[in-house]
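Written out below as structure tokens is the structure these notes cover.
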Amino acid sequence: MALAAPALRRYLLLLAQEHLEFRLPEITSLLSLCGGQFCGEQEIRVNSPFWILNIPSEEMARGLMKRTVCAKSIFELWGHGRSAGELYASLKNYPTDKMLPYLQSDSTYKVHIHTFNKTLTQAQKIKKIDALEFLPFKGKVNLKNPEYIFWILEDYGTNPNDVPEEPIHLYFGRWIADGQRELIESYSVKKRHFIGNTSMDACLSFIMANHGRVKPNDIVYDPFVGTGGLLISSAHFGAYVCGTDIDYNTIHGLGKASRKNQKWRGPDENIRANLRQYGLEKYYLDALVADSSRPIWRKGMLFDAIITDPPYGIREAPRRMGSQKETVKSVERSTENHFFISSSYHLSDIFFDLLKFGAEHLVMGGRLVYWLPIYRPEYTEEIIPRHPCLKLISNCEQMLSSHTSRRLITMEKVKEFKDQDENSYMLDGQYMPYRGHNSFREKYFSGVTKRIAKEEKDNQK
């Protein structure tokens, strides 16, 4: 007689309710980094804070939580249902032999209740805990320092204006580990030595590093490094980091300060000092003054990840080095002496140069993660720049205003770069629509002007 296959161990992920679109790509990327793959037991409710996953091992679950900033906690799921009765029936069907190691008489435990979109009284919580008396707990309750923590989690939906009387989903499980949400506060730009007007929010910086699958001993590059905020998150995960920027003063920490009530930058306001602040200086390779539109690197695969936030041209139009001696078709540097001047650098050129650079200099399987500004009324997926050597992995939107947003694009190198690939994107008509976004700055301010005019008109009524 054939024995029944053992039940799979399932895990419940409790997620933070911010940056909703970014959560699934982050969890998927981190599971692949840990050697697994994303496997939801049921259809993932993208906006829900609760996801049930099948993960091969508890070790992999812990590895996931050592990296994620989108998830709060993970639990070994013992039971779930759409009502209390379904939850209890599910728990009674969970194999006793899998429970017993955590319920021994010499162990200590406590039960914690978490509710989403509803607050319970202490009496209600105690009643729900007492209802679990059918579970074979043999240990002693220890509320301060228990050996094992069990959670009852109740989901009352995502609409705060229509909270049901009873939860729509209930879960019970053993707590495994917490995520890295505390990094958001400890790496906050409010506490950082060196910041600029566009320094990246700490949470998004870590999300970008996770989308890029940054790991220890990687080499990570930012071609628009600015104040180095994106280098910090990669260095935190053990990668060696470097970058370039066309702005000499920013690279060297010179000039006017970005902080309120401070006129000039101080001696400790530079990229190296930022990494030193977090004990990460050993991972800092260097930052160079360079123009991303001009090649400075030797040919070959140099970087494990390229993580960057290119200029959108909102505060000022993006620039690159130009020359009075240059013509549009010239690609070789003149041997004559000439004076370099700055010239406009269109958004389409910025992103096509970035993709070409990634295709050439990323290792196979390396990832390019970057922000793409979008004028929402004209957005279609066809305007996302592509390259034959790079595969689109994810595309997540962050709203900037009612009419503009930026999309976090993650691409993976899947094909070795050949000379014929250098300008292949120029030959395909599908890339032409994105050139319309060279006027993103004008469209951005056009929207702002219309909004201000509307507000003034409304105020006059």
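Letters A, B, ... mark the chains of the structure tokens in the order given; residue numbers begin at 1 per chain; ligand numbers begin at 1, in order shown.
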
Problem - Non-local contacts of Asp245 in chain A (8 Å; only C-alpha atoms; under 5 positions in same chain excluded) as a PyMOL selection string - result: chain A and resi 223-226+250-251+287-292

Practice task
Pick out each residue of range 91-214 of chain A that DSSP on the backbone tags as helix (DSSP H, G or I); I need them as a VMD selection string.
Solution key: chain A and resid 91 to 93 96 to 102 122 to 130 182 to 186 189 to 191 202 to 211

Exercise for the section: Find the spatial neighbours of range 132-144 of chain A, counting only C-alpha atoms, within a cut-off of 6 Å - ignore same-chain residues fewer than 6 positions away - and output them as a list in words. Expected result: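 Final neighbour list, sorted by chain and number: Leu103, Gln104, Ser105, Asp106, Ser107, Thr108, Tyr109 and Lys110 of chain A.
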
Atoms kept (N, CA, C and O atoms) for selection, written as a compact mmCIF listing (two decimals), in the first residue's frame:
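As a result, selection-v3.txt now contains:
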```txt
# COMPACT_ATOMS: atom_id res chain seq x y z
N LEU A 103 5.91 22.17 21.02
CA LEU A 103 4.90 22.17 22.07
C LEU A 103 5.31 21.31 23.27
O LEU A 103 4.46 20.92 24.07
N GLN A 104 6.59 21.00 23.40
CA GLN A 104 7.06 20.11 24.46
C GLN A 104 6.90 20.75 25.84
O GLN A 104 6.86 21.98 25.99
N SER A 105 6.84 19.91 26.85
CA SER A 105 6.61 20.39 28.22
C SER A 105 7.75 21.25 28.76
O SER A 105 7.54 22.07 29.66
N ASP A 106 8.95 21.08 28.21
CA ASP A 106 10.09 21.87 28.69
C ASP A 106 10.28 23.16 27.88
O ASP A 106 11.29 23.85 28.04
N SER A 107 9.33 23.48 27.01
CA SER A 107 9.44 24.68 26.19
C SER A 107 8.57 25.80 26.75
O SER A 107 7.68 25.57 27.58
N THR A 108 8.83 27.02 26.29
CA THR A 108 8.01 28.18 26.67
C THR A 108 7.46 28.82 25.39
O THR A 108 8.09 28.76 24.34
N TYR A 109 6.29 29.44 25.51
CA TYR A 109 5.66 30.01 24.33
C TYR A 109 4.73 31.15 24.72
O TYR A 109 4.41 31.36 25.89
N LYS A 110 4.29 31.88 23.70
CA LYS A 110 3.20 32.84 23.87
C LYS A 110 2.44 32.92 22.56
O LYS A 110 2.94 32.54 21.50
```

Exercise for the section: Do a neighbour search on range 356-364 of chain A at 7 Å with only C-alpha atoms, toss out local chain neighbours closer than 2 positions, and write the hits as a ChimeraX atom specification. Expected result: /A:300-305,352-354,366,368,389-390,413-414,417,422

Show me a table, sorted first by chain and then by increasing residue number, of the residues of range 44-144 of chain A having an atom at most 6 Å from range 160-172 of chain A, each with its shortest atom pair and the distance in Å to one decimal, counting only C-alpha atoms and written as a Markdown table.
```
| residue | atom | partner | partner_atom | distance |
| --- | --- | --- | --- | --- |
| A:Trp78 | CA | A:Phe172 | CA | 5.8 |
| A:Gly79 | CA | A:Phe172 | CA | 5.3 |
| A:His80 | CA | A:Tyr171 | CA | 4.3 |
| A:Gly81 | CA | A:Leu170 | CA | 5.4 |
| A:Arg82 | CA | A:His169 | CA | 4.5 |
```

Practice task
Excluding Gln17 in chain A and residues on its chain fewer than 3 positions from it, collect all residues at most 10 Å away from it, counting only C-alpha atoms, and give them as a list in words.
Solution key: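 Here the answer would be Leu14, Leu20, Arg23, Asn47, Ser48, Pro49, Cys70, Ala71, Lys72 and Thr158 of chain A.
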
Those selected residues, please, written with all heavy atoms and delivered as a PDB file, in the first residue's frame.
```pdb
ATOM      1  N   LEU A  14       3.724  38.240   6.011  1.00  0.00           N
ATOM      2  CA  LEU A  14       3.020  39.461   6.416  1.00  0.00           C
ATOM      3  C   LEU A  14       3.782  40.637   5.836  1.00  0.00           C
ATOM      4  O   LEU A  14       4.950  40.862   6.173  1.00  0.00           O
ATOM      5  CB  LEU A  14       2.955  39.567   7.943  1.00  0.00           C
ATOM      6  CG  LEU A  14       2.388  40.862   8.519  1.00  0.00           C
ATOM      7  CD1 LEU A  14       0.952  41.093   8.060  1.00  0.00           C
ATOM      8  CD2 LEU A  14       2.484  40.860  10.047  1.00  0.00           C
ATOM      9  N   LEU A  20       3.209  49.027  -2.880  1.00  0.00           N
ATOM     10  CA  LEU A  20       2.550  47.746  -3.132  1.00  0.00           C
ATOM     11  C   LEU A  20       3.055  47.065  -4.395  1.00  0.00           C
ATOM     12  O   LEU A  20       3.228  45.841  -4.429  1.00  0.00           O
ATOM     13  CB  LEU A  20       1.028  47.944  -3.214  1.00  0.00           C
ATOM     14  CG  LEU A  20       0.340  48.539  -1.982  1.00  0.00           C
ATOM     15  CD1 LEU A  20      -1.168  48.533  -2.161  1.00  0.00           C
ATOM     16  CD2 LEU A  20       0.737  47.800  -0.710  1.00  0.00           C
ATOM     17  N   ARG A  23       6.460  44.963  -4.115  1.00  0.00           N
ATOM     18  CA  ARG A  23       6.618  43.851  -3.178  1.00  0.00           C
ATOM     19  C   ARG A  23       6.836  42.517  -3.892  1.00  0.00           C
ATOM     20  O   ARG A  23       7.739  41.752  -3.522  1.00  0.00           O
ATOM     21  CB  ARG A  23       5.404  43.776  -2.249  1.00  0.00           C
ATOM     22  CG  ARG A  23       5.173  45.043  -1.440  1.00  0.00           C
ATOM     23  CD  ARG A  23       4.014  44.923  -0.469  1.00  0.00           C
ATOM     24  NE  ARG A  23       2.787  44.475  -1.100  1.00  0.00           N
ATOM     25  CZ  ARG A  23       1.646  44.278  -0.452  1.00  0.00           C
ATOM     26  NH1 ARG A  23       1.594  44.503   0.858  1.00  0.00           N
ATOM     27  NH2 ARG A  23       0.566  43.878  -1.082  1.00  0.00           N
ATOM     28  N   ASN A  47      -2.752  43.540  -3.392  1.00  0.00           N
ATOM     29  CA  ASN A  47      -2.893  44.589  -2.384  1.00  0.00           C
ATOM     30  C   ASN A  47      -3.026  44.054  -0.965  1.00  0.00           C
ATOM     31  O   ASN A  47      -3.083  44.826  -0.018  1.00  0.00           O
ATOM     32  CB  ASN A  47      -4.115  45.453  -2.708  1.00  0.00           C
ATOM     33  CG  ASN A  47      -3.938  46.238  -3.993  1.00  0.00           C
ATOM     34  OD1 ASN A  47      -2.819  46.525  -4.395  1.00  0.00           O
ATOM     35  ND2 ASN A  47      -5.039  46.573  -4.637  1.00  0.00           N
ATOM     36  N   SER A  48      -3.076  42.745  -0.812  1.00  0.00           N
ATOM     37  CA  SER A  48      -3.260  42.147   0.510  1.00  0.00           C
ATOM     38  C   SER A  48      -1.949  42.118   1.290  1.00  0.00           C
ATOM     39  O   SER A  48      -0.873  41.945   0.711  1.00  0.00           O
ATOM     40  CB  SER A  48      -3.799  40.720   0.368  1.00  0.00           C
ATOM     41  OG  SER A  48      -3.798  40.054   1.624  1.00  0.00           O
ATOM     42  N   PRO A  49      -2.007  42.261   2.625  1.00  0.00           N
ATOM     43  CA  PRO A  49      -0.792  42.136   3.429  1.00  0.00           C
ATOM     44  C   PRO A  49      -0.433  40.687   3.737  1.00  0.00           C
ATOM     45  O   PRO A  49       0.580  40.424   4.377  1.00  0.00           O
ATOM     46  CB  PRO A  49      -1.159  42.878   4.718  1.00  0.00           C
ATOM     47  CG  PRO A  49      -2.628  42.702   4.840  1.00  0.00           C
ATOM     48  CD  PRO A  49      -3.179  42.685   3.438  1.00  0.00           C
ATOM     49  N   CYS A  70      10.180  44.924   2.272  1.00  0.00           N
ATOM     50  CA  CYS A  70       8.748  44.996   1.945  1.00  0.00           C
ATOM     51  C   CYS A  70       7.917  44.095   2.862  1.00  0.00           C
ATOM     52  O   CYS A  70       6.710  44.313   3.009  1.00  0.00           O
ATOM     53  CB  CYS A  70       8.513  44.586   0.494  1.00  0.00           C
ATOM     54  SG  CYS A  70       9.087  45.821  -0.705  1.00  0.00           S
ATOM     55  N   ALA A  71       8.526  43.078   3.452  1.00  0.00           N
ATOM     56  CA  ALA A  71       7.800  42.146   4.320  1.00  0.00           C
ATOM     57  C   ALA A  71       8.176  42.390   5.774  1.00  0.00           C
ATOM     58  O   ALA A  71       9.328  42.682   6.098  1.00  0.00           O
ATOM     59  CB  ALA A  71       8.107  40.705   3.932  1.00  0.00           C
ATOM     60  N   LYS A  72       7.173  42.266   6.644  1.00  0.00           N
ATOM     61  CA  LYS A  72       7.390  42.459   8.077  1.00  0.00           C
ATOM     62  C   LYS A  72       7.832  41.174   8.763  1.00  0.00           C
ATOM     63  O   LYS A  72       8.780  41.180   9.559  1.00  0.00           O
ATOM     64  CB  LYS A  72       6.111  42.977   8.735  1.00  0.00           C
ATOM     65  CG  LYS A  72       5.700  44.369   8.314  1.00  0.00           C
ATOM     66  CD  LYS A  72       4.435  44.799   9.062  1.00  0.00           C
ATOM     67  CE  LYS A  72       4.047  46.233   8.754  1.00  0.00           C
ATOM     68  NZ  LYS A  72       2.838  46.647   9.492  1.00  0.00           N
ATOM     69  N   THR A 158      -9.191  45.591   3.020  1.00  0.00           N
ATOM     70  CA  THR A 158      -8.352  46.775   2.825  1.00  0.00           C
ATOM     71  C   THR A 158      -9.139  48.075   2.800  1.00  0.00           C
ATOM     72  O   THR A 158      -8.556  49.140   2.605  1.00  0.00           O
ATOM     73  CB  THR A 158      -7.562  46.646   1.507  1.00  0.00           C
ATOM     74  OG1 THR A 158      -8.488  46.459   0.414  1.00  0.00           O
ATOM     75  CG2 THR A 158      -6.594  45.479   1.552  1.00  0.00           C
TER      76      THR A 158
END
```

Problem - Best match for closeness to Tyr221 in chain A among A:Ile374, A:Leu285, A:Ile296, A:Leu100, counting only C-alpha atoms - result: A:Leu285
